[in-house]
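Data file: upload.cif. Format and content: mmCIF, C-alpha atoms.
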data_run
loop_
_atom_site.label_atom_id
_atom_site.label_comp_id
_atom_site.auth_asym_id
_atom_site.auth_seq_id
_atom_site.Cartn_x
_atom_site.Cartn_y
_atom_site.Cartn_z
CA MET V 51 -18.60 -3.62 12.61
CA ILE V 52 -19.07 -7.10 14.05
CA ARG V 53 -21.48 -7.83 11.22
CA TYR V 54 -18.73 -6.94 8.75
CA LEU V 55 -16.24 -9.17 10.59
CA ILE V 56 -18.66 -12.11 10.54
CA LYS V 57 -19.32 -11.68 6.82
CA ASN V 58 -15.62 -11.34 6.02
CA ASN V 59 -14.67 -14.35 8.16
CA ILE V 60 -17.30 -16.54 6.51
CA LYS V 61 -15.89 -15.53 3.10
CA LEU V 62 -12.39 -16.52 4.24
CA MET V 63 -13.68 -19.91 5.42
CA THR V 64 -15.49 -20.59 2.15
CA ARG V 65 -12.22 -20.13 0.28
CA SER V 66 -11.16 -23.40 1.91
CA ILE V 67 -14.41 -25.09 0.97
CA THR V 68 -12.71 -28.50 0.99
CA ASN V 69 -12.49 -28.42 4.78
CA ILE V 70 -16.20 -27.71 5.06
CA VAL V 71 -17.08 -30.43 2.55
CA LEU V 72 -14.97 -32.97 4.46
CA PHE V 73 -16.66 -31.83 7.68
CA ILE V 74 -20.02 -32.74 6.11
CA VAL V 75 -19.04 -35.85 4.15
CA GLY V 76 -16.74 -37.33 6.84
CA PRO V 77 -19.51 -38.22 9.31
CA LEU V 78 -21.63 -39.72 6.53
CA MET V 79 -18.80 -42.04 5.50
CA VAL V 80 -18.22 -43.16 9.09
CA ILE V 81 -21.96 -43.65 9.62
CA ALA V 82 -22.13 -45.89 6.55
CA ILE V 83 -19.20 -48.01 7.76
CA LEU V 84 -20.14 -48.34 11.44
CA SER V 85 -23.88 -48.81 10.97
CA ASN V 86 -23.17 -51.64 8.53
CA ALA V 87 -20.43 -53.23 10.64
CA PHE V 88 -22.43 -53.13 13.89
CA ASN V 89 -25.86 -53.71 12.44
CA ASP V 90 -26.47 -56.76 14.66
CA LEU V 91 -25.06 -55.18 17.83
CA LEU V 92 -28.13 -53.16 18.73
CA LYS V 93 -30.80 -55.66 17.73
CA LYS V 94 -33.19 -56.81 20.39
CA TYR V 95 -32.06 -59.79 22.38
CA GLU V 96 -35.18 -60.24 24.56
CA ASN V 97 -36.08 -63.55 22.91
CA GLU V 98 -32.68 -64.99 23.73
CA GLU V 99 -32.33 -66.42 27.20
CA ILE V 100 -29.16 -65.28 28.96
CA ASN V 101 -27.54 -68.29 30.63
CA ALA V 102 -24.12 -67.95 32.18
CA GLY V 103 -21.87 -69.76 34.58
CA TYR V 104 -19.60 -68.59 37.36
CA MET V 105 -16.85 -69.94 39.58
CA ILE V 106 -15.46 -68.51 42.83
CA GLU V 107 -11.77 -68.75 43.68
CA ASP V 108 -10.42 -68.36 47.23
CA GLU V 109 -13.74 -67.11 48.63
CA ALA V 110 -13.35 -63.92 46.59
CA ILE V 111 -17.00 -62.95 47.07
CA SER V 112 -19.14 -63.26 50.20
CA GLU V 113 -22.27 -65.39 50.27
CA GLU V 114 -24.45 -62.35 51.04
CA LEU V 115 -23.14 -60.38 48.07
CA LEU V 116 -23.36 -63.44 45.82
CA ASN V 117 -27.00 -64.02 46.74
CA ALA V 118 -27.80 -60.38 46.09
CA MET V 119 -26.13 -60.53 42.68
CA ILE V 120 -27.94 -63.75 41.68
CA THR V 121 -31.30 -62.36 42.83
CA ALA V 122 -30.83 -59.11 40.93
CA ALA V 123 -29.63 -61.04 37.87
CA SER V 124 -32.74 -63.20 37.95
CA ASP V 125 -34.88 -60.05 38.08
CA ASN V 126 -33.14 -58.95 34.87
CA ASP V 127 -33.65 -62.32 33.12
CA ILE V 128 -30.06 -63.47 33.61
CA ASN V 129 -29.59 -67.05 34.84
CA LEU V 130 -26.34 -67.67 36.72
CA GLU V 131 -25.24 -71.24 37.46
CA LYS V 132 -22.36 -72.13 39.77
CA TYR V 133 -19.54 -74.47 38.68
CA ASP V 134 -16.68 -75.79 40.78
CA ASP V 135 -13.13 -76.40 39.51
CA THR V 136 -13.97 -76.36 35.82
CA ASP V 137 -12.40 -75.14 32.62
CA PRO V 138 -14.40 -71.98 31.78
CA GLU V 139 -13.82 -72.10 28.02
CA LYS V 140 -14.75 -75.78 27.81
CA THR V 141 -17.81 -75.25 30.01
CA VAL V 142 -19.02 -72.39 27.82
CA ARG V 143 -18.76 -74.54 24.68
CA GLU V 144 -20.27 -77.72 26.11
CA ASN V 145 -23.22 -75.98 27.81
CA ASP V 146 -23.80 -73.32 25.18
CA LEU V 147 -23.49 -70.54 27.76
CA CYS V 148 -23.30 -66.92 26.69
CA GLY V 149 -20.44 -66.36 29.08
CA PHE V 150 -18.59 -67.39 32.21
CA ILE V 151 -17.31 -65.35 35.15
CA VAL V 152 -14.40 -66.31 37.37
CA PHE V 153 -14.45 -64.33 40.61
CA SER V 154 -11.04 -63.95 42.22
CA LYS V 155 -9.67 -61.60 44.86
CA ASP V 156 -7.63 -59.52 42.42
CA LYS V 157 -10.01 -59.37 39.46
CA ASN V 158 -13.08 -60.81 37.77
CA THR V 159 -12.40 -62.64 34.50
CA PHE V 160 -15.03 -62.83 31.75
CA TYR V 161 -15.20 -65.56 29.11
CA GLU V 162 -17.49 -64.69 26.21
CA ASN V 163 -19.21 -66.96 23.72
CA GLU V 164 -18.81 -65.45 20.24
CA ASP V 165 -22.06 -67.10 19.15
CA HIS V 166 -23.92 -65.13 21.85
CA MET V 167 -21.89 -61.94 21.83
CA MET V 168 -24.84 -59.63 22.50
CA SER V 169 -25.88 -61.58 25.60
CA ALA V 170 -22.24 -61.82 26.70
CA LYS V 171 -21.94 -58.03 26.55
CA VAL V 172 -25.12 -57.69 28.58
CA LEU V 173 -23.72 -60.07 31.18
CA GLU V 174 -20.43 -58.16 31.39
CA TYR V 175 -22.28 -54.88 31.71
CA TYR V 176 -24.54 -56.25 34.43
CA VAL V 177 -21.71 -57.59 36.61
CA SER V 178 -19.68 -54.39 36.21
CA ALA V 179 -22.69 -52.25 37.08
CA PHE V 180 -23.48 -54.43 40.08
CA PHE V 181 -20.05 -54.09 41.66
CA GLU V 182 -19.95 -50.39 40.84
CA ASN V 183 -23.23 -49.62 42.58
CA VAL V 184 -23.40 -52.10 45.46
CA THR V 185 -21.27 -51.37 48.52
CA VAL V 186 -20.92 -53.93 51.29
CA SER V 187 -20.23 -52.10 54.53
CA VAL V 188 -20.84 -54.85 57.05
CA LEU V 189 -20.44 -58.59 56.96
CA GLY V 190 -24.02 -59.41 57.91
CA LEU V 191 -25.70 -57.53 55.07
CA ASP V 192 -29.47 -57.80 54.65
CA THR V 193 -29.75 -58.49 50.92
CA SER V 194 -33.45 -57.56 50.87
CA ASP V 195 -32.49 -53.91 51.39
CA ILE V 196 -30.05 -53.76 48.48
CA ARG V 197 -31.10 -51.35 45.78
CA ILE V 198 -29.11 -51.61 42.60
CA HIS V 199 -28.93 -48.59 40.32
CA THR V 200 -28.14 -49.88 36.86
CA GLU V 201 -28.84 -48.85 33.31
CA HIS V 202 -29.47 -52.29 31.95
CA PRO V 203 -29.90 -52.47 28.16
CA SER V 204 -33.09 -54.49 28.55
CA PHE V 205 -34.84 -51.34 29.75
CA THR V 206 -33.77 -49.33 26.70
CA PRO V 207 -36.12 -49.40 23.70
CA GLU V 208 -34.70 -50.82 20.52
CA ILE V 209 -32.52 -48.48 18.49
CA GLU V 210 -31.14 -49.39 15.12
CA ALA V 211 -27.44 -49.08 14.33
CA ASP V 212 -28.28 -46.56 11.58
CA ASP V 213 -30.04 -44.32 14.09
CA TYR V 214 -27.44 -44.66 16.82
CA TYR V 215 -24.30 -44.10 14.74
CA GLY V 216 -26.14 -41.64 12.50
CA ILE V 217 -26.58 -39.41 15.53
CA VAL V 218 -23.43 -39.89 17.60
CA GLU V 219 -20.97 -39.55 14.70
CA ILE V 220 -22.45 -36.20 13.68
CA VAL V 221 -22.03 -35.01 17.26
CA TYR V 222 -18.48 -36.37 17.42
CA PHE V 223 -17.36 -34.74 14.16
CA GLY V 224 -19.10 -31.53 15.23
CA TRP V 225 -16.64 -31.23 18.10
CA CYS V 226 -13.81 -31.07 15.56
CA ALA V 227 -15.25 -27.72 14.49
CA ILE V 228 -11.86 -26.02 14.40
CA VAL V 229 -11.23 -27.77 11.05
CA CYS V 230 -13.84 -25.54 9.42
CA GLY V 231 -11.97 -22.48 10.66
CA ALA V 232 -8.60 -23.61 9.31
CA GLY V 233 -8.94 -21.41 6.22
CA LEU V 234 -9.79 -18.37 8.33
CA LEU V 235 -6.99 -18.90 10.84
CA MET V 236 -4.39 -19.58 8.15
CA SER V 237 -5.43 -16.45 6.24
CA GLU V 238 -5.04 -14.38 9.38
CA LYS V 239 -1.52 -15.70 9.83
CA LYS V 240 -0.53 -15.44 6.18
CA HIS V 241 -1.79 -11.89 5.64
CA ARG V 242 -1.17 -10.77 9.22
CA ILE V 243 -4.76 -9.70 9.54
CA ASP V 244 -4.61 -9.96 13.34
CA LYS V 245 -1.76 -7.42 13.32
CA LYS V 246 -3.86 -5.00 11.30
CA TYR V 247 -6.72 -5.34 13.76
CA THR V 248 -4.47 -4.15 16.59
CA VAL V 249 -4.42 -0.61 15.15
CA SER V 250 -8.21 -0.50 14.90
CA ASN V 251 -10.65 0.42 17.63
CA LEU V 252 -11.93 -3.13 17.84
CA SER V 253 -11.74 -4.72 21.28
CA ALA V 254 -10.55 -8.27 21.96
CA ILE V 255 -14.17 -9.27 22.63
CA GLN V 256 -15.34 -7.89 19.27
CA LEU V 257 -12.55 -9.67 17.43
CA TYR V 258 -13.39 -12.92 19.20
CA LEU V 259 -17.12 -12.61 18.49
CA GLY V 260 -16.36 -11.99 14.82
CA LYS V 261 -14.62 -15.38 14.59
CA PHE V 262 -16.83 -17.22 17.06
CA LEU V 263 -20.14 -16.27 15.45
CA ALA V 264 -18.85 -16.86 11.91
CA LEU V 265 -17.52 -20.29 12.82
CA SER V 266 -20.66 -21.17 14.79
CA ILE V 267 -22.84 -20.31 11.79
CA VAL V 268 -20.78 -22.42 9.38
CA VAL V 269 -20.36 -25.36 11.76
CA GLY V 270 -23.97 -25.26 12.92
CA LEU V 271 -25.40 -25.18 9.41
CA SER V 272 -22.96 -27.90 8.30
CA SER V 273 -24.07 -30.14 11.18
CA LEU V 274 -27.73 -29.57 10.36
CA LEU V 275 -27.06 -30.31 6.68
CA THR V 276 -25.27 -33.53 7.66
CA ALA V 277 -28.26 -34.49 9.83
CA VAL V 278 -30.64 -33.91 6.90
CA LEU V 279 -28.42 -35.98 4.60
CA SER V 280 -28.31 -38.75 7.22
CA ILE V 281 -32.10 -38.90 7.04
CA LEU V 282 -32.15 -39.00 3.25
CA LEU V 283 -29.27 -41.46 2.82
CA PHE V 284 -29.64 -43.79 5.83
CA GLY V 285 -33.13 -43.12 7.13
CA VAL V 286 -31.83 -41.90 10.49
CA HIS V 287 -34.68 -41.04 12.82
CA TRP V 288 -34.22 -37.84 14.81
CA GLY V 289 -36.68 -37.54 17.66
CA ALA V 290 -38.13 -34.10 18.52
CA PRO V 291 -36.55 -32.45 15.43
CA ILE V 292 -36.66 -28.85 16.70
CA LEU V 293 -35.13 -29.74 20.07
CA SER V 294 -32.54 -32.01 18.44
CA ALA V 295 -31.60 -29.22 16.01
CA LEU V 296 -31.23 -26.78 18.91
CA ILE V 297 -28.95 -29.18 20.77
CA LEU V 298 -26.85 -29.71 17.64
CA LEU V 299 -26.46 -25.95 17.22
CA LEU V 300 -25.53 -25.41 20.86
CA SER V 301 -23.11 -28.33 20.63
CA ALA V 302 -21.52 -26.67 17.60
CA SER V 303 -21.16 -23.39 19.50
CA ALA V 304 -19.53 -25.15 22.45
CA ALA V 305 -17.15 -26.96 20.10
CA VAL V 306 -16.20 -23.70 18.38
CA ALA V 307 -15.56 -21.95 21.70
CA PHE V 308 -13.42 -24.86 22.85
CA GLY V 309 -11.43 -24.91 19.61
CA LEU V 310 -10.81 -21.15 19.67
CA LEU V 311 -9.65 -21.36 23.28
CA VAL V 312 -7.06 -23.98 22.39
CA TYR V 313 -5.96 -21.91 19.37
CA ASN V 314 -5.61 -18.70 21.41
CA VAL V 315 -3.54 -20.55 23.99
CA PHE V 316 -1.09 -22.16 21.54
CA ASP V 317 -1.35 -19.65 18.66
CA ASN V 318 -0.46 -22.50 16.29
CA LEU V 319 -3.00 -24.21 14.03
CA VAL V 320 -1.19 -27.56 13.78
CA VAL V 321 -0.76 -27.86 17.55
CA THR V 322 -4.37 -26.76 18.02
CA ILE V 323 -5.75 -29.44 15.70
CA ILE V 324 -3.66 -32.16 17.39
CA ALA V 325 -4.71 -31.04 20.87
CA VAL V 326 -8.40 -30.70 19.94
CA PHE V 327 -8.51 -34.06 18.16
CA SER V 328 -6.83 -35.79 21.13
CA ILE V 329 -9.23 -34.34 23.70
CA VAL V 330 -12.30 -34.89 21.50
CA TRP V 331 -11.22 -38.49 20.86
CA MET V 332 -11.09 -39.17 24.60
CA ALA V 333 -14.44 -37.47 25.18
CA GLY V 334 -15.93 -39.44 22.30
CA PHE V 335 -14.41 -42.69 23.55
CA PHE V 336 -16.22 -42.44 26.88
CA GLY V 337 -19.20 -40.68 25.31
CA GLY V 338 -20.28 -43.60 23.11
CA ALA V 339 -18.98 -42.41 19.74
CA PHE V 340 -17.18 -45.73 19.15
CA GLU V 341 -18.66 -48.20 21.63
CA THR V 342 -22.35 -47.81 22.39
CA TYR V 343 -22.77 -46.16 25.79
CA MET V 344 -25.62 -48.59 26.55
CA LEU V 345 -23.29 -51.58 26.64
CA SER V 346 -20.13 -49.83 27.81
CA SER V 347 -18.73 -51.28 31.02
CA TYR V 348 -16.92 -48.08 32.04
CA PRO V 349 -18.13 -46.48 35.30
CA GLU V 350 -21.04 -44.10 34.89
CA SER V 351 -19.14 -41.46 36.85
CA VAL V 352 -16.41 -41.47 34.19
CA LYS V 353 -18.83 -41.27 31.26
CA ARG V 354 -20.69 -38.35 32.82
CA ILE V 355 -17.52 -36.23 32.67
CA SER V 356 -17.71 -36.20 28.87
CA PRO V 357 -20.04 -33.55 27.39
CA ILE V 358 -20.34 -35.76 24.30
CA TYR V 359 -21.90 -38.48 26.47
CA HIS V 360 -24.69 -36.17 27.64
CA ILE V 361 -25.35 -34.90 24.10
CA ASN V 362 -25.26 -38.41 22.59
CA ARG V 363 -27.50 -39.85 25.24
CA CYS V 364 -29.98 -37.00 24.98
CA LEU V 365 -30.27 -37.22 21.18
CA THR V 366 -30.40 -41.02 20.98
CA GLU V 367 -33.04 -41.25 23.70
CA LEU V 368 -35.07 -38.59 21.92
CA SER V 369 -34.77 -40.75 18.82
CA CYS V 370 -35.91 -44.03 20.35
CA MET V 371 -38.13 -42.84 23.22
CA GLY V 372 -39.19 -39.32 22.35
CA HIS V 373 -37.93 -38.01 25.69
CA SER V 374 -34.74 -38.00 27.74
CA ASP V 375 -33.59 -37.21 31.26
CA TYR V 376 -30.37 -35.83 29.79
CA ILE V 377 -31.85 -32.83 27.98
CA ASP V 378 -31.08 -30.41 30.80
CA SER V 379 -27.54 -31.69 31.36
CA ALA V 380 -26.78 -31.62 27.62
CA LEU V 381 -27.99 -28.03 27.31
CA LEU V 382 -26.18 -27.01 30.49
CA TYR V 383 -22.91 -28.55 29.35
CA CYS V 384 -23.09 -26.76 25.98
CA VAL V 385 -23.94 -23.37 27.46
CA LEU V 386 -21.32 -23.54 30.22
CA ILE V 387 -18.57 -24.71 27.87
CA THR V 388 -19.44 -21.91 25.43
CA ILE V 389 -19.37 -19.19 28.11
CA ILE V 390 -16.31 -20.42 30.00
CA CYS V 391 -14.19 -21.24 26.95
CA SER V 392 -15.14 -17.94 25.30
CA ALA V 393 -14.12 -15.94 28.36
CA LEU V 394 -10.82 -17.81 28.65
CA ALA V 395 -10.17 -17.48 24.90
CA VAL V 396 -10.58 -13.69 25.06
CA LEU V 397 -8.34 -13.54 28.13
CA ALA V 398 -5.66 -15.68 26.46
CA ASP V 399 -5.78 -13.48 23.35
CA MET V 400 -5.41 -10.29 25.43
CA ILE V 401 -2.45 -11.72 27.34
CA ARG V 402 -0.72 -12.83 24.14
CA ARG V 403 -1.22 -9.44 22.46
CA ASN V 404 0.18 -7.60 25.45
CA ARG V 405 3.27 -9.80 25.41
CA VAL V 406 3.76 -9.09 21.72
#
I'd like the structure from this file rewritten - as structure tokens, please.
Amino acid sequence: MIRYLIKNNIKLMTRSITNIVLFIVGPLMVIAILSNAFNDLLKKYENEEINAGYMIEDEAISEELLNAMITAASDNDINLEKYDDTDPEKTVRENDLCGFIVFSKDKNTFYENEDHMMSAKVLEYYVSAFFENVTVSVLGLDTSDIRIHTEHPSFTPEIEADDYYGIVEIVYFGWCAIVCGAGLLMSEKKHRIDKKYTVSNLSAIQLYLGKFLALSIVVGLSSLLTAVLSILLFGVHWGAPILSALILLLSASAAVAFGLLVYNVFDNLVVTIIAVFSIVWMAGFFGGAFETYMLSSYPESVKRISPIYHINRCLTELSCMGHSDYIDSALLYCVLITIICSALAVLADMIRRNRV
């Protein structure tokens, strides 16, 4: 019976083939735009020396912490030079610095040189990572014992904009999977198919699996087709193809489960799409779908909350390195989201039906 439901649901979805086509073509259009616009962003900068200046206001930073920061910066090929009572913008221009940092008690202000934007972003990332990971507990700190955990871009192999955005945008659009099921969900409402199912012997779990598996098949195959087209059209390099395909499929399943949960809670397609798009946008924002996670200055603890971050990082590292420390976390996120959201979706559906 479930096999019949899956087949019937897929037929209902293909009647709204436009949604599926947009689901495939949409990422390709965004990839073309972003990879072209940010083509220079991910180029190697190792040949460019990173020189920056800094100024301290009102003893905002201790000498011990300052020395630790300068030492660690030097280890990462960043030269920091101190200036006193100067105009940061003028100093940047006259000395051709990539950037300038003003340390004050309330905040740290960055001045970036547009001619050295890549190096400026590296500098901003470094300083943010330093203050995030270094804690000064006592005044007389031994700087030789400071261990700084950073993910500095200089340690990341080169990845082209085509590869990066060709991967992360497919993942991002994949989490909007509920769009592919719009035809199915609207048909159920229009023809009151869900009402007819209530008189059958089908359980809530069987009804859910009929939609979940049908949607997962369509979304998963669409994502794989988009990945193949990204290779043919933009030359996107997918590392470990079988593993990457598996992660894409599991990501699609997690996205479907999440979308169906939201739909079963609100029982309204328009509200569901708005809610899903809003949540996915936030997850994508911190997950590197718009700003590369490698140069993002947001705290690592915040980025790790987003499942899209783990999936993006896993797939992009597989692409440029052939391996990734985020494989396990990406798989775990997808499996847990699928199981938890599916259970809650069935529960929400049962509660709603009992109320009706």
Which residue is closest to Val312 of chain V? Choose from V:Val177, V:Val326, V:Leu299, V:Leu234 and count all atoms listed in the file.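 Selected residue with least distance to Val312 of chain V: V:Val326.
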Residues matched by the PyMOL selection byres ((chain V and resi 369) around 10), written as a count of residues only: 22
Could you check how far atom CA of Ala118 of chain V sits from atom CA of Tyr175 of chain V, in Å to one decimal? 16.4 Å
Among listed residues V:Leu293, V:Ile281, V:Ile361, V:Leu62, nearest Trp225 of chain V (using only C-alpha atoms): V:Ile361
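Nearest to Tyr54 of chain V of all the residues V:Leu259, V:Ala87, V:Met332, V:Ile401 is V:Leu259, based on only C-alpha atoms.
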Compile the contact shell of segment 66-69 of chain V as a PyMOL selection string: residues with an atom at most 7 Å away, counting all atoms listed in the file, same-chain residues fewer than 2 positions apart removed. chain V and resi 63-64+71-73+229-230+233
So how far away is atom CA of Pro138 of chain V from atom CA of Ile106 of chain V, in Å?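 We find that atom CA of Ile106 of chain V and atom CA of Pro138 of chain V lie 11.6 Å from each other.
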When you count only C-alpha atoms, which of these residues is closest to Leu78 of chain V: V:Gly149, V:Gly309, V:Pro357, V:Gly216?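 So, comparing all the options, the nearest one is V:Gly216.
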Option closest in space to Ala179 of chain V, from V:Glu114, V:Glu109, V:Asp134, V:Glu350 [counting all atoms listed in the file]: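 Of the candidates, the smallest distance to Ala179 of chain V is held by V:Glu350.
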For a quick check of understanding, using all atoms listed in the file, which of V:Thr121, V:Leu298, V:Tyr104, V:Thr136 has the smallest distance to Val152 of chain V?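 Of the candidates, the smallest distance to Val152 of chain V is held by V:Tyr104.
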With the PyMOL selection byres ((chain V and resi 108) around 9) as the selection, what would be picked from this file? Answer as a ChimeraX atom specification, please. /V:106-107,109-111,153-155
Would you compute the distance between atom CA of Pro77 of chain V and atom CA of Leu275 of chain V? Give it in Å to one decimal. 11.2 Å
Counting only C-alpha atoms, what is within 10 Å of Leu319 of chain V, bar same-chain residues fewer than 4 positions away, as number ranges by chain? V: 228-229, 231-232, 235-236, 239, 312-314, 323-325
Which residues, named as in the file, does the PyMOL selection byres ((chain V and resi 262-265) around 10) pick out? Answer as a compact mmCIF listing (two decimals) with C-alpha atoms, in the frame of the given file.
# COMPACT_ATOMS: atom_id res chain seq x y z
CA ILE V 52 -19.07 -7.10 14.05
CA ARG V 53 -21.48 -7.83 11.22
CA LEU V 55 -16.24 -9.17 10.59
CA ILE V 56 -18.66 -12.11 10.54
CA LYS V 57 -19.32 -11.68 6.82
CA ASN V 58 -15.62 -11.34 6.02
CA ASN V 59 -14.67 -14.35 8.16
CA ILE V 60 -17.30 -16.54 6.51
CA LYS V 61 -15.89 -15.53 3.10
CA MET V 63 -13.68 -19.91 5.42
CA ALA V 227 -15.25 -27.72 14.49
CA ILE V 228 -11.86 -26.02 14.40
CA VAL V 229 -11.23 -27.77 11.05
CA CYS V 230 -13.84 -25.54 9.42
CA GLY V 231 -11.97 -22.48 10.66
CA LEU V 234 -9.79 -18.37 8.33
CA GLN V 256 -15.34 -7.89 19.27
CA LEU V 257 -12.55 -9.67 17.43
CA TYR V 258 -13.39 -12.92 19.20
CA LEU V 259 -17.12 -12.61 18.49
CA GLY V 260 -16.36 -11.99 14.82
CA LYS V 261 -14.62 -15.38 14.59
CA SER V 266 -20.66 -21.17 14.79
CA ILE V 267 -22.84 -20.31 11.79
CA VAL V 268 -20.78 -22.42 9.38
CA VAL V 269 -20.36 -25.36 11.76
CA GLY V 270 -23.97 -25.26 12.92
CA LEU V 271 -25.40 -25.18 9.41
CA ALA V 302 -21.52 -26.67 17.60
CA SER V 303 -21.16 -23.39 19.50
CA ALA V 304 -19.53 -25.15 22.45
CA ALA V 305 -17.15 -26.96 20.10
CA VAL V 306 -16.20 -23.70 18.38
CA ALA V 307 -15.56 -21.95 21.70
CA GLY V 309 -11.43 -24.91 19.61
CA LEU V 310 -10.81 -21.15 19.67
CA THR V 388 -19.44 -21.91 25.43
CA SER V 392 -15.14 -17.94 25.30
Quick one: residues within 10 Å of Phe335 of chain V, all atoms listed in the file, excluding same-chain residues fewer than 3 positions away - as a compact mmCIF listing (two decimals) with C-alpha atoms, keeping the file's coordinate frame?
# COMPACT_ATOMS: atom_id res chain seq x y z
CA TYR V 222 -18.48 -36.37 17.42
CA ILE V 329 -9.23 -34.34 23.70
CA VAL V 330 -12.30 -34.89 21.50
CA TRP V 331 -11.22 -38.49 20.86
CA MET V 332 -11.09 -39.17 24.60
CA GLY V 338 -20.28 -43.60 23.11
CA ALA V 339 -18.98 -42.41 19.74
CA PHE V 340 -17.18 -45.73 19.15
CA GLU V 341 -18.66 -48.20 21.63
CA THR V 342 -22.35 -47.81 22.39
CA TYR V 343 -22.77 -46.16 25.79
CA LYS V 353 -18.83 -41.27 31.26
CA SER V 356 -17.71 -36.20 28.87
CA ILE V 358 -20.34 -35.76 24.30
CA TYR V 359 -21.90 -38.48 26.47
What are the centre and the three edge lengths of an axis-aligned box that wraps all atoms of segment 317-326 of chain V in the file, given that 8 Å is added to every side, written as lines of an AutoDock Vina configuration file and rounded to one decimal in Å?
center_x = -4.4
center_y = -25.9
center_z = 17.3
size_x = 23.9
size_y = 28.5
size_z = 23.1
